[in-house]
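What follows is the content of my_file.tsv (TSV, C-alpha atoms).
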```
chain	number	residue	atom	x	y	z
A	1	MET	CA	30.39	32.20	48.98
A	2	ALA	CA	30.16	31.99	45.21
A	3	LYS	CA	26.98	33.19	43.56
A	4	LYS	CA	23.92	31.25	44.63
A	5	LYS	CA	22.93	28.77	41.96
A	6	LYS	CA	19.73	26.92	41.19
A	7	VAL	CA	20.61	23.26	40.71
A	8	ILE	CA	18.35	20.44	39.56
A	9	ILE	CA	19.48	16.97	40.59
A	10	LEU	CA	17.91	13.99	38.89
A	11	GLY	CA	18.29	10.80	40.91
A	12	CYS	CA	18.31	10.72	44.69
A	13	GLY	CA	20.71	7.84	45.17
A	14	ARG	CA	23.91	8.05	47.18
A	15	VAL	CA	25.51	10.52	44.83
A	16	GLY	CA	22.46	12.67	44.18
A	17	ALA	CA	21.49	12.88	47.86
A	18	ARG	CA	24.99	13.62	49.10
A	19	LEU	CA	25.45	16.29	46.47
A	20	ALA	CA	22.07	17.83	47.31
A	21	ARG	CA	22.96	18.12	50.99
A	22	SER	CA	26.37	19.68	50.35
A	23	LEU	CA	24.98	22.18	47.86
A	24	ILE	CA	22.28	23.21	50.32
A	25	GLU	CA	24.93	23.71	52.99
A	26	GLU	CA	26.77	25.98	50.60
A	27	GLY	CA	23.61	28.03	50.25
A	28	HIS	CA	22.46	26.97	46.79
A	29	GLU	CA	18.88	26.34	45.74
A	30	VAL	CA	18.43	22.61	45.17
A	31	ILE	CA	15.61	20.63	43.57
A	32	VAL	CA	15.85	16.85	43.66
A	33	ILE	CA	13.81	14.63	41.33
A	34	ASP	CA	13.36	10.89	41.77
A	35	HIS	CA	10.65	8.50	40.64
A	36	ASN	CA	10.79	6.73	43.98
A	37	ALA	CA	9.76	8.94	46.89
A	38	ASP	CA	11.41	6.57	49.38
A	39	GLN	CA	14.75	7.73	48.08
A	40	PHE	CA	14.19	11.18	49.53
A	41	ARG	CA	14.86	9.68	52.97
A	42	ARG	CA	18.52	9.88	52.06
A	43	LEU	CA	18.25	13.66	52.27
A	44	GLY	CA	17.66	13.57	56.03
A	45	GLU	CA	14.69	14.77	58.00
A	46	HIS	CA	14.65	18.50	57.50
A	47	PHE	CA	15.94	18.91	54.00
A	48	PRO	CA	15.24	22.52	53.10
A	49	GLY	CA	15.43	21.97	49.35
A	50	LYS	CA	12.55	20.91	47.11
A	51	THR	CA	11.81	17.30	46.24
A	52	VAL	CA	9.78	16.22	43.24
A	53	MET	CA	8.55	12.69	42.69
A	54	GLY	CA	8.39	11.77	39.02
A	55	ASP	CA	10.05	10.48	35.90
A	56	GLY	CA	12.97	12.70	34.98
A	57	LEU	CA	12.49	11.94	31.29
A	58	ASP	CA	9.01	13.39	31.34
A	59	ILE	CA	9.16	17.00	30.16
A	60	ASP	CA	6.10	17.87	32.23
A	61	VAL	CA	7.82	16.60	35.36
A	62	LEU	CA	10.91	18.65	34.58
A	63	ALA	CA	8.84	21.73	33.89
A	64	GLY	CA	6.83	21.21	37.07
A	65	ALA	CA	10.01	20.88	39.09
A	66	GLY	CA	10.98	24.34	37.93
A	67	ILE	CA	13.80	23.45	35.59
A	68	GLU	CA	13.35	26.64	33.63
A	69	GLY	CA	15.86	29.17	34.75
A	70	ALA	CA	18.04	26.60	36.53
A	71	ASP	CA	21.78	27.16	36.33
A	72	VAL	CA	22.89	23.56	36.40
A	73	PHE	CA	21.31	20.19	35.68
A	74	VAL	CA	22.84	17.11	37.28
A	75	ALA	CA	21.81	13.66	36.06
A	76	ALA	CA	22.80	11.00	38.56
A	77	THR	CA	20.30	8.17	38.22
A	78	ASN	CA	21.70	4.69	37.84
A	79	GLY	CA	20.68	4.63	34.17
A	80	ASP	CA	23.27	6.00	31.76
A	81	ASN	CA	20.74	6.46	29.01
A	82	THR	CA	18.22	8.16	31.26
A	83	ASN	CA	20.96	10.53	32.40
A	84	VAL	CA	22.19	11.47	28.98
A	85	MET	CA	18.72	11.83	27.52
A	86	SER	CA	17.46	14.02	30.35
A	87	ALA	CA	20.50	16.28	30.07
A	88	GLN	CA	19.84	16.78	26.38
A	89	VAL	CA	16.18	17.49	27.06
A	90	ALA	CA	17.22	19.98	29.74
A	91	CYS	CA	19.37	21.81	27.23
A	92	ARG	CA	17.15	21.65	24.14
A	93	ARG	CA	13.79	22.13	25.74
A	94	PHE	CA	14.58	24.20	28.78
A	95	LYS	CA	17.80	25.96	27.78
A	96	VAL	CA	19.62	24.59	30.80
A	97	CYS	CA	22.77	23.63	28.97
A	98	ARG	CA	25.18	23.47	31.84
A	99	SER	CA	24.80	19.86	32.84
A	100	ILE	CA	26.82	17.18	34.51
A	101	VAL	CA	25.96	13.63	33.63
A	102	ARG	CA	27.04	10.49	35.37
A	103	MET	CA	27.65	7.57	32.99
A	104	TYR	CA	28.99	4.22	34.06
A	105	ASP	CA	29.88	3.06	30.56
A	106	PRO	CA	33.27	4.63	29.67
A	107	ILE	CA	32.68	4.31	25.93
A	108	ARG	CA	29.32	6.01	25.99
A	109	ALA	CA	30.68	8.61	28.41
A	110	GLY	CA	33.54	9.32	26.02
A	111	ALA	CA	31.29	9.45	22.97
A	112	TYR	CA	28.88	11.90	24.52
A	113	ARG	CA	31.73	14.03	25.82
A	114	GLU	CA	33.51	14.20	22.47
A	115	GLU	CA	30.72	14.04	19.91
A	116	PHE	CA	27.94	15.83	21.75
A	117	GLY	CA	29.89	18.15	24.05
A	118	ILE	CA	28.11	16.81	27.13
A	119	ASN	CA	29.96	17.00	30.41
A	120	THR	CA	29.99	13.33	31.39
A	121	ILE	CA	31.65	11.94	34.47
A	122	CYS	CA	32.47	8.26	34.40
A	123	PRO	CA	32.90	6.69	37.85
A	124	THR	CA	34.05	3.45	36.25
A	125	GLU	CA	37.07	5.19	34.73
A	126	ILE	CA	37.83	7.26	37.79
A	127	VAL	CA	37.60	4.43	40.28
A	128	SER	CA	39.49	1.89	38.22
A	129	ASP	CA	42.24	4.42	37.53
A	130	LEU	CA	42.51	5.17	41.25
A	131	ILE	CA	42.69	1.49	42.12
A	132	GLN	CA	45.30	0.93	39.46
A	133	ARG	CA	47.34	3.78	40.88
A	134	GLU	CA	47.06	2.31	44.38
A	135	ILE	CA	48.26	-1.01	43.06
A	136	GLY	CA	51.19	0.67	41.36
A	137	GLU	CA	52.19	2.45	44.55
A	138	ALA	CA	51.85	-0.59	46.77
B	1	MET	CA	19.80	-2.94	2.51
B	2	TYR	CA	21.43	-3.85	5.77
B	3	ILE	CA	19.15	-3.12	8.70
B	4	ILE	CA	19.88	-3.41	12.40
B	5	ILE	CA	16.97	-3.63	14.81
B	6	ALA	CA	17.41	-3.04	18.52
B	7	GLY	CA	14.82	-4.67	20.75
B	8	GLY	CA	13.35	-8.12	20.19
B	9	GLY	CA	9.87	-7.59	21.55
B	10	LYS	CA	6.81	-8.10	19.37
B	11	VAL	CA	7.57	-5.06	17.24
B	12	GLY	CA	11.23	-5.93	16.71
B	13	TYR	CA	10.52	-9.58	16.06
B	14	ASN	CA	7.82	-8.98	13.47
B	15	LEU	CA	9.74	-6.20	11.82
B	16	THR	CA	12.75	-8.49	11.46
B	17	LYS	CA	10.62	-11.15	9.82
B	18	ILE	CA	8.91	-8.75	7.44
B	19	LEU	CA	12.15	-7.10	6.34
B	20	ALA	CA	13.96	-10.41	5.95
B	21	ASP	CA	11.09	-11.73	3.82
B	22	LYS	CA	11.50	-8.74	1.57
B	23	GLY	CA	15.08	-9.78	1.00
B	24	HIS	CA	16.88	-7.37	3.31
B	25	GLU	CA	19.75	-8.42	5.49
B	26	VAL	CA	18.61	-7.93	9.07
B	27	THR	CA	20.25	-8.27	12.47
B	28	LEU	CA	18.09	-8.19	15.58
B	29	ILE	CA	19.66	-7.29	18.92
B	30	GLU	CA	18.00	-8.48	22.14
B	31	LYS	CA	19.24	-7.78	25.66
B	32	ASP	CA	17.30	-10.36	27.63
B	33	LYS	CA	18.95	-13.78	27.52
B	34	THR	CA	15.75	-15.82	27.74
B	35	ARG	CA	14.06	-13.84	25.01
B	36	TYR	CA	17.22	-14.00	22.92
B	37	LEU	CA	17.28	-17.80	23.13
B	38	GLU	CA	13.66	-17.96	22.01
B	39	LEU	CA	14.33	-15.67	19.08
B	40	SER	CA	17.54	-17.36	17.98
B	41	GLU	CA	15.86	-20.73	17.97
B	42	GLU	CA	13.67	-19.43	15.19
B	43	MET	CA	15.94	-16.96	13.47
B	44	GLY	CA	19.41	-18.32	14.16
B	45	ASP	CA	22.35	-16.05	13.46
B	46	ALA	CA	20.16	-13.10	12.62
B	47	VAL	CA	19.77	-12.49	16.35
B	48	LEU	CA	22.51	-11.14	18.61
B	49	TRP	CA	22.47	-11.19	22.39
B	50	GLY	CA	23.46	-7.97	24.13
B	51	ASP	CA	22.76	-4.33	24.86
B	52	ALA	CA	22.42	-2.33	21.67
B	53	CYS	CA	23.53	0.79	23.55
B	54	GLU	CA	26.98	-0.73	23.93
B	55	VAL	CA	29.27	0.39	21.16
B	56	ALA	CA	31.10	-2.95	21.15
B	57	LEU	CA	27.91	-4.79	20.40
B	58	LEU	CA	26.89	-2.39	17.67
B	59	ARG	CA	30.30	-2.97	16.13
B	60	ASP	CA	29.80	-6.76	16.28
B	61	ALA	CA	26.45	-6.25	14.60
B	62	GLY	CA	28.23	-4.52	11.74
B	63	CYS	CA	26.85	-1.10	12.46
B	64	ASN	CA	29.53	0.53	10.30
B	65	ARG	CA	27.85	-0.80	7.18
B	66	ALA	CA	24.24	-0.43	8.22
B	67	ASN	CA	21.88	1.52	6.01
B	68	VAL	CA	19.16	1.75	8.60
B	69	VAL	CA	19.14	1.34	12.37
B	70	VAL	CA	15.78	0.92	14.05
B	71	ALA	CA	15.40	1.13	17.83
B	72	VAL	CA	12.14	-0.34	19.05
B	73	THR	CA	12.68	-1.19	22.70
B	74	GLY	CA	10.10	-0.17	25.27
B	75	ASP	CA	12.43	2.44	26.75
B	76	ASP	CA	12.70	5.78	25.02
B	77	GLU	CA	16.07	6.63	26.54
B	78	ASP	CA	17.54	3.40	25.16
B	79	ASN	CA	16.08	4.03	21.71
B	80	LEU	CA	17.53	7.52	21.68
B	81	VAL	CA	20.99	6.36	22.71
B	82	VAL	CA	21.06	3.59	20.08
B	83	CYS	CA	20.29	6.13	17.36
B	84	GLN	CA	22.74	8.72	18.64
B	85	MET	CA	25.55	6.19	19.10
B	86	THR	CA	25.01	4.89	15.59
B	87	LYS	CA	25.45	8.33	14.10
B	88	ALA	CA	28.27	9.44	16.37
B	89	MET	CA	30.39	6.29	16.42
B	90	PHE	CA	29.63	4.60	13.12
B	91	ILE	CA	28.02	6.23	10.16
B	92	GLU	CA	26.42	9.59	10.20
B	93	LYS	CA	24.64	8.72	6.97
B	94	ALA	CA	22.77	5.76	8.43
B	95	ARG	CA	19.07	6.43	8.71
B	96	THR	CA	17.89	6.08	12.29
B	97	ILE	CA	14.34	5.32	13.28
B	98	ALA	CA	13.18	5.27	16.89
B	99	ARG	CA	10.02	4.03	18.45
B	100	VAL	CA	8.70	6.65	20.82
B	101	ASN	CA	6.80	5.20	23.75
B	102	ASP	CA	5.92	8.51	25.36
B	103	PRO	CA	4.36	10.68	22.63
B	104	LYS	CA	5.79	13.75	24.36
B	105	ASN	CA	9.23	12.60	23.30
B	106	GLU	CA	8.54	12.76	19.57
B	107	GLY	CA	9.67	16.34	19.20
B	108	VAL	CA	12.58	15.82	21.55
B	109	PHE	CA	13.89	12.93	19.46
B	110	VAL	CA	13.76	14.90	16.26
B	111	ASP	CA	15.55	17.80	17.97
B	112	LEU	CA	18.22	15.38	19.09
B	113	GLY	CA	18.99	14.10	15.62
B	114	VAL	CA	16.86	10.98	15.22
B	115	ASP	CA	15.71	10.86	11.58
B	116	ASN	CA	12.28	9.31	12.06
B	117	THR	CA	10.13	8.55	15.03
B	118	VAL	CA	7.18	6.21	15.33
B	119	SER	CA	4.76	6.65	18.18
B	120	THR	CA	2.19	3.88	18.50
B	121	THR	CA	-0.02	6.07	20.64
B	122	ARG	CA	0.04	8.80	18.02
B	123	VAL	CA	-0.64	6.44	15.13
B	124	ILE	CA	-3.64	4.88	16.83
B	125	ASP	CA	-4.93	8.27	17.85
B	126	ALA	CA	-4.61	9.53	14.29
B	127	LEU	CA	-6.51	6.50	13.00
B	128	ILE	CA	-9.30	6.98	15.49
B	129	GLU	CA	-9.55	10.69	14.72
B	130	GLU	CA	-9.64	10.01	11.02
B	131	LYS	CA	-12.29	7.32	11.49
B	132	ILE	CA	-14.52	9.62	13.49
B	133	GLU	CA	-13.95	12.54	11.19
B	134	SER	CA	-14.85	10.71	8.01
B	135	GLU	CA	-16.88	7.75	9.20
B	136	MET	CA	-16.77	5.71	6.03
B	137	LEU	CA	-16.52	8.82	3.99
B	138	MET	CA	-13.25	9.29	2.24
B	139	PRO	CA	-12.33	12.40	0.27
B	140	LEU	CA	-10.94	11.36	-3.09
B	141	THR	CA	-10.19	14.64	-4.78
B	142	LEU	CA	-10.47	18.27	-3.88
B	143	LEU	CA	-11.75	20.44	-6.70
B	144	GLY	CA	-11.59	24.17	-7.31
B	145	LYS	CA	-10.13	25.90	-4.32
B	146	GLY	CA	-10.75	22.83	-2.24
B	147	ASN	CA	-14.38	23.61	-1.57
B	148	MET	CA	-15.86	20.96	-3.82
B	149	GLU	CA	-14.73	17.40	-3.37
B	150	ILE	CA	-15.33	13.99	-4.74
B	151	ILE	CA	-15.91	11.62	-1.88
B	152	GLN	CA	-16.53	7.97	-1.35
B	153	VAL	CA	-19.21	6.72	1.06
B	154	GLU	CA	-19.55	3.09	1.97
B	155	LEU	CA	-23.09	1.93	2.66
B	156	SER	CA	-23.75	-0.68	5.31
B	157	LYS	CA	-26.91	-2.73	5.72
B	158	LYS	CA	-28.13	-0.19	8.24
B	159	SER	CA	-27.56	2.83	6.03
B	160	LYS	CA	-30.69	4.92	5.58
B	161	GLY	CA	-30.24	5.21	1.82
B	162	VAL	CA	-30.31	1.47	1.18
B	163	GLY	CA	-33.38	0.41	-0.83
B	164	LYS	CA	-34.15	3.97	-1.90
B	165	LYS	CA	-33.99	5.29	-5.42
B	166	VAL	CA	-31.62	8.17	-6.04
B	167	LYS	CA	-34.50	10.50	-6.94
B	168	GLU	CA	-36.20	9.72	-3.61
B	169	LEU	CA	-33.24	10.97	-1.67
B	170	ASN	CA	-33.39	14.48	-0.37
B	171	LEU	CA	-29.81	15.32	-1.21
B	172	PRO	CA	-28.16	18.41	0.28
B	173	ASP	CA	-27.52	21.41	-1.99
B	174	GLU	CA	-24.67	21.28	-4.44
B	175	THR	CA	-24.49	17.54	-4.19
B	176	ILE	CA	-24.82	14.83	-6.79
B	177	LEU	CA	-24.26	11.12	-6.58
B	178	ILE	CA	-22.07	10.00	-9.45
B	179	ALA	CA	-21.74	6.23	-9.35
B	180	ALA	CA	-21.86	3.21	-7.11
B	181	LEU	CA	-19.14	0.59	-7.05
B	182	ARG	CA	-21.16	-2.57	-6.59
B	183	GLY	CA	-18.99	-5.67	-6.49
B	184	GLU	CA	-17.15	-5.70	-9.78
B	185	GLN	CA	-19.61	-3.33	-11.42
B	186	VAL	CA	-19.83	0.40	-11.68
B	187	VAL	CA	-23.43	1.60	-11.67
B	188	VAL	CA	-24.10	5.12	-12.86
B	189	LEU	CA	-26.44	6.68	-10.35
B	190	LYS	CA	-29.34	7.99	-12.38
B	191	GLY	CA	-32.66	8.80	-10.66
B	192	ASP	CA	-34.17	5.35	-10.92
B	193	VAL	CA	-31.27	3.39	-9.54
B	194	GLU	CA	-31.84	1.88	-6.11
B	195	LEU	CA	-28.99	2.02	-3.58
B	196	ALA	CA	-27.88	-1.27	-2.08
B	197	ALA	CA	-25.96	-2.34	0.99
B	198	ASP	CA	-22.18	-2.50	0.49
B	199	ASP	CA	-22.34	0.05	-2.34
B	200	GLN	CA	-19.36	2.33	-2.50
B	201	ILE	CA	-20.97	5.60	-3.49
B	202	ILE	CA	-18.91	8.18	-5.31
B	203	ALA	CA	-20.39	11.64	-4.87
B	204	LEU	CA	-19.58	15.23	-5.69
B	205	THR	CA	-20.33	17.64	-2.86
B	206	THR	CA	-19.07	20.61	-0.92
B	207	LYS	CA	-17.12	20.47	2.31
B	208	GLU	CA	-20.08	21.96	4.17
B	209	ASN	CA	-22.53	19.40	2.87
B	210	GLU	CA	-20.32	16.38	3.42
B	211	ARG	CA	-21.75	15.68	6.85
B	212	LYS	CA	-25.36	16.16	5.76
B	213	LEU	CA	-24.83	13.74	2.94
B	214	ARG	CA	-23.32	11.19	5.27
B	215	LYS	CA	-26.23	11.51	7.67
B	216	MET	CA	-28.85	10.99	5.03
B	217	LEU	CA	-27.17	8.04	3.43
```

Output the file's structure in the form of structure tokens.
Amino acid sequence: MAKKKKVIILGCGRVGARLARSLIEEGHEVIVIDHNADQFRRLGEHFPGKTVMGDGLDIDVLAGAGIEGADVFVAATNGDNTNVMSAQVACRRFKVCRSIVRMYDPIRAGAYREEFGINTICPTEIVSDLIQREIGEA
Amino acid sequence: MYIIIAGGGKVGYNLTKILADKGHEVTLIEKDKTRYLELSEEMGDAVLWGDACEVALLRDAGCNRANVVVAVTGDDEDNLVVCQMTKAMFIEKARTIARVNDPKNEGVFVDLGVDNTVSTTRVIDALIEEKIESEMLMPLTLLGKGNMEIIQVELSKKSKGVGKKVKELNLPDETILIAALRGEQVVVLKGDVELAADDQIIALTTKENERKLRKML
């Protein structure tokens, strides 16, 4: 196994929860933050990682979750702006500069990737490209 | 100047009106359709419907020629993105101003390149603090090394000094009353002058005696 990493995941939706479970299986330390505690059900019954209920834009919540010293910050809420702001806060305030940010808007994702050096992943681009490829191959 | 305002709530709406009255060209961007219709009924073309975080909409708003972009929505993350997108995609020189809803974000916003932030919570807090600190007592000038100051004290009907002559007052050390602004008049405060309600008293005192003076007036 690669070196054990401490990963903070903001947003316990489908993506955040699935990622959290796989990372735990790989032996990483995982902390999941969501403002809605009901979302933690997605993690299954005996999730061994840590869950924190709170607003991921609130620096006190991030600090309380133990963001300091984390290796990676993942922002996967359904709000593009929340994701990109929290990643910048993680880097500026808590020196966690390795972050992966989900952004649905391709233009914003591109702008933050190019102008701000933020690692954005845009599902809209990826999925529509895949579909287009499928259509081409049909 | 050309000013773009993101967020058509009370702050955005009133700001648009004030700036337009001053002769600036202003565009207001509002995301909510119902609110947009209300606003455009009054302000017509000055209001655009859409999400100010979308680059396409900022382009339609003429962001490339904006002098100032103000983001005053109720969501800090949106305000931040509007300001950052403006600088990154349009003009770096544009001045960006963001409303900060959570005072904790003030420092963060400045770190992240927003030129100015306005936090309502902070402003109100500062006003309250100042009010309590001075309580009708406003320093006008600091003299010497800042120890002596000329201050202004407003007397109300309930003030203890009202109806008393200056010489009857037991003023703190190193304190003299200079003059009272009474309506249009300036009354020099010699010993026989009686203080009246609504007088604006100008006094010379030390920082230490400021509070004593306030108490006795």

Record the distance separating atom CA of Cys122 of chain A and atom CA of Met103 of chain A, expressed in Å with one decimal.
-> 5.1 Å

Just give me the residues with any atom within 9 Å of (-28.5, -0.1, -0.4), file coordinates, counting all atoms listed in the file, written as a PyMOL selection string.
-> chain B and resi 155-164+194-199

Got a sec: who's within 6 Å of segment 200-208 of chain B, counting only C-alpha atoms, leaving out chain neighbours fewer than 2 positions off, as JSON, numbers by chain?
-> {"B": [147, 148, 149, 150, 151, 152, 153, 154, 174, 175, 176, 177, 178, 179, 180, 181, 210]}

For chain B, the nearest of the candidates A:Ile59, A:Val7, A:Ala65, A:Cys97, counting only C-alpha atoms =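 Counting only C-alpha atoms, the residue closest to chain B is A:Ile59.
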
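Our summary of the geometry notes that atom CA of Ile97 of chain B is positioned 26.0 Å from atom CA of Asn119 of chain A.
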
Compile the residues of chain A that lie within 10 Å of chain B, evaluated using only C-alpha atoms, and express the compilation as a PDB file with C-alpha atoms, in the coordinates of the input.
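Writing done, so here's part.pdb:
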```pdb
ATOM      1  CA  LEU A  57      12.490  11.940  31.290  1.00  0.00           C
ATOM      2  CA  ASP A  58       9.010  13.390  31.340  1.00  0.00           C
ATOM      3  CA  ILE A  59       9.160  17.000  30.160  1.00  0.00           C
ATOM      4  CA  ASP A  60       6.100  17.870  32.230  1.00  0.00           C
ATOM      5  CA  GLY A  79      20.680   4.630  34.170  1.00  0.00           C
ATOM      6  CA  ASP A  80      23.270   6.000  31.760  1.00  0.00           C
ATOM      7  CA  ASN A  81      20.740   6.460  29.010  1.00  0.00           C
ATOM      8  CA  THR A  82      18.220   8.160  31.260  1.00  0.00           C
ATOM      9  CA  ASN A  83      20.960  10.530  32.400  1.00  0.00           C
ATOM     10  CA  VAL A  84      22.190  11.470  28.980  1.00  0.00           C
ATOM     11  CA  MET A  85      18.720  11.830  27.520  1.00  0.00           C
ATOM     12  CA  SER A  86      17.460  14.020  30.350  1.00  0.00           C
ATOM     13  CA  GLN A  88      19.840  16.780  26.380  1.00  0.00           C
ATOM     14  CA  VAL A  89      16.180  17.490  27.060  1.00  0.00           C
ATOM     15  CA  ARG A  92      17.150  21.650  24.140  1.00  0.00           C
ATOM     16  CA  ARG A  93      13.790  22.130  25.740  1.00  0.00           C
ATOM     17  CA  ASP A 105      29.880   3.060  30.560  1.00  0.00           C
ATOM     18  CA  ILE A 107      32.680   4.310  25.930  1.00  0.00           C
ATOM     19  CA  ARG A 108      29.320   6.010  25.990  1.00  0.00           C
ATOM     20  CA  ALA A 111      31.290   9.450  22.970  1.00  0.00           C
ATOM     21  CA  TYR A 112      28.880  11.900  24.520  1.00  0.00           C
ATOM     22  CA  GLU A 114      33.510  14.200  22.470  1.00  0.00           C
ATOM     23  CA  GLU A 115      30.720  14.040  19.910  1.00  0.00           C
ATOM     24  CA  PHE A 116      27.940  15.830  21.750  1.00  0.00           C
TER      25      PHE A 116
END
```

With a distance cut-off of 12 Å and all atoms listed in the file, select the neighbouring residues of Glu125 of chain A, excluding the residue or stretch itself and same-chain residues fewer than 2 positions from it, and output the selection as a PDB file with C-alpha atoms, in the frame of the given file.
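Heads up, here's the output in result05.pdb:
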```pdb
ATOM      1  CA  ARG A 102      27.040  10.490  35.370  1.00  0.00           C
ATOM      2  CA  MET A 103      27.650   7.570  32.990  1.00  0.00           C
ATOM      3  CA  TYR A 104      28.990   4.220  34.060  1.00  0.00           C
ATOM      4  CA  ASP A 105      29.880   3.060  30.560  1.00  0.00           C
ATOM      5  CA  PRO A 106      33.270   4.630  29.670  1.00  0.00           C
ATOM      6  CA  ILE A 107      32.680   4.310  25.930  1.00  0.00           C
ATOM      7  CA  ARG A 108      29.320   6.010  25.990  1.00  0.00           C
ATOM      8  CA  ALA A 109      30.680   8.610  28.410  1.00  0.00           C
ATOM      9  CA  GLY A 110      33.540   9.320  26.020  1.00  0.00           C
ATOM     10  CA  THR A 120      29.990  13.330  31.390  1.00  0.00           C
ATOM     11  CA  ILE A 121      31.650  11.940  34.470  1.00  0.00           C
ATOM     12  CA  CYS A 122      32.470   8.260  34.400  1.00  0.00           C
ATOM     13  CA  PRO A 123      32.900   6.690  37.850  1.00  0.00           C
ATOM     14  CA  VAL A 127      37.600   4.430  40.280  1.00  0.00           C
ATOM     15  CA  SER A 128      39.490   1.890  38.220  1.00  0.00           C
ATOM     16  CA  ASP A 129      42.240   4.420  37.530  1.00  0.00           C
ATOM     17  CA  LEU A 130      42.510   5.170  41.250  1.00  0.00           C
ATOM     18  CA  ILE A 131      42.690   1.490  42.120  1.00  0.00           C
ATOM     19  CA  GLN A 132      45.300   0.930  39.460  1.00  0.00           C
TER      20      GLN A 132
END
```

Contact residues around Leu19 of chain A with all atoms listed in the file at 12 Å, ignoring same-chain residues under 2 positions, as an MDAnalysis selection string = chainID A and resid 7:17 21:26 28 30:32 42:43 49 74:76

Only C-alpha atoms, please: the residues just picked out, written as a PDB file, keeping the file's coordinate frame.
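Generated output (result22.pdb):
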```pdb
ATOM      1  CA  VAL A   7      20.610  23.260  40.710  1.00  0.00           C
ATOM      2  CA  ILE A   8      18.350  20.440  39.560  1.00  0.00           C
ATOM      3  CA  ILE A   9      19.480  16.970  40.590  1.00  0.00           C
ATOM      4  CA  LEU A  10      17.910  13.990  38.890  1.00  0.00           C
ATOM      5  CA  GLY A  11      18.290  10.800  40.910  1.00  0.00           C
ATOM      6  CA  CYS A  12      18.310  10.720  44.690  1.00  0.00           C
ATOM      7  CA  GLY A  13      20.710   7.840  45.170  1.00  0.00           C
ATOM      8  CA  ARG A  14      23.910   8.050  47.180  1.00  0.00           C
ATOM      9  CA  VAL A  15      25.510  10.520  44.830  1.00  0.00           C
ATOM     10  CA  GLY A  16      22.460  12.670  44.180  1.00  0.00           C
ATOM     11  CA  ALA A  17      21.490  12.880  47.860  1.00  0.00           C
ATOM     12  CA  ARG A  21      22.960  18.120  50.990  1.00  0.00           C
ATOM     13  CA  SER A  22      26.370  19.680  50.350  1.00  0.00           C
ATOM     14  CA  LEU A  23      24.980  22.180  47.860  1.00  0.00           C
ATOM     15  CA  ILE A  24      22.280  23.210  50.320  1.00  0.00           C
ATOM     16  CA  GLU A  25      24.930  23.710  52.990  1.00  0.00           C
ATOM     17  CA  GLU A  26      26.770  25.980  50.600  1.00  0.00           C
ATOM     18  CA  HIS A  28      22.460  26.970  46.790  1.00  0.00           C
ATOM     19  CA  VAL A  30      18.430  22.610  45.170  1.00  0.00           C
ATOM     20  CA  ILE A  31      15.610  20.630  43.570  1.00  0.00           C
ATOM     21  CA  VAL A  32      15.850  16.850  43.660  1.00  0.00           C
ATOM     22  CA  ARG A  42      18.520   9.880  52.060  1.00  0.00           C
ATOM     23  CA  LEU A  43      18.250  13.660  52.270  1.00  0.00           C
ATOM     24  CA  GLY A  49      15.430  21.970  49.350  1.00  0.00           C
ATOM     25  CA  VAL A  74      22.840  17.110  37.280  1.00  0.00           C
ATOM     26  CA  ALA A  75      21.810  13.660  36.060  1.00  0.00           C
ATOM     27  CA  ALA A  76      22.800  11.000  38.560  1.00  0.00           C
TER      28      ALA A  76
END
```

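A distance cut-off of 9 Å around (8.8, 13.1, 45.9), counting all atoms listed in the file, selects these protein and nucleic acid residues: Val32, Ile33, Asp34, His35, Asn36, Ala37, Asp38, Gln39, Phe40, Lys50, Thr51, Val52, Met53 and Gly54 of chain A.
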
Using all atoms listed in the file, determine which residues lie at most 10 Å from Ile3 of chain B, disregarding the query and same-chain residues fewer than 6 positions distant; provide the list as a PyMOL selection string.
-> chain B and resi 16+19-20+24-28+61-63+65-70+94-96

d(atom CA of Asp55 of chain A, atom CA of Tyr13 of chain B) in Å |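 We find that atom CA of Asp55 of chain A and atom CA of Tyr13 of chain B lie 28.2 Å from each other.
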
What are the centre and the three edge lengths of an axis-aligned box that wraps all atoms of segment 177-191 of chain B in the file, given that 8 Å is added to every side, written as JSON and rounded to one decimal in Å?
```
{"center_x": -24.9, "center_y": 2.7, "center_z": -9.7, "size_x": 31.5, "size_y": 32.8, "size_z": 22.4}
```

Reconstructed segment 54-60 of chain A, atom set N, CA and C atoms, as a PDB file, in the coordinates of the input:
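The resulting file, selection.pdb, is shown below:
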```
ATOM      1  N   GLY A  54       8.823  11.906  40.415  1.00  0.00           N
ATOM      2  CA  GLY A  54       8.390  11.770  39.020  1.00  0.00           C
ATOM      3  C   GLY A  54       9.501  11.248  38.133  1.00  0.00           C
ATOM      4  N   ASP A  55       9.132  11.008  36.897  1.00  0.00           N
ATOM      5  CA  ASP A  55      10.050  10.480  35.900  1.00  0.00           C
ATOM      6  C   ASP A  55      10.831  11.647  35.272  1.00  0.00           C
ATOM      7  N   GLY A  56      12.122  11.606  35.446  1.00  0.00           N
ATOM      8  CA  GLY A  56      12.970  12.700  34.980  1.00  0.00           C
ATOM      9  C   GLY A  56      13.051  12.820  33.470  1.00  0.00           C
ATOM     10  N   LEU A  57      12.494  11.848  32.750  1.00  0.00           N
ATOM     11  CA  LEU A  57      12.490  11.940  31.290  1.00  0.00           C
ATOM     12  C   LEU A  57      11.212  12.612  30.797  1.00  0.00           C
ATOM     13  N   ASP A  58      10.293  12.819  31.710  1.00  0.00           N
ATOM     14  CA  ASP A  58       9.010  13.390  31.340  1.00  0.00           C
ATOM     15  C   ASP A  58       9.124  14.921  31.366  1.00  0.00           C
ATOM     16  N   ILE A  59       8.948  15.551  30.210  1.00  0.00           N
ATOM     17  CA  ILE A  59       9.160  17.000  30.160  1.00  0.00           C
ATOM     18  C   ILE A  59       8.201  17.752  31.082  1.00  0.00           C
ATOM     19  N   ASP A  60       7.030  17.193  31.316  1.00  0.00           N
ATOM     20  CA  ASP A  60       6.100  17.870  32.230  1.00  0.00           C
ATOM     21  C   ASP A  60       6.605  17.824  33.669  1.00  0.00           C
TER      22      ASP A  60
END
```
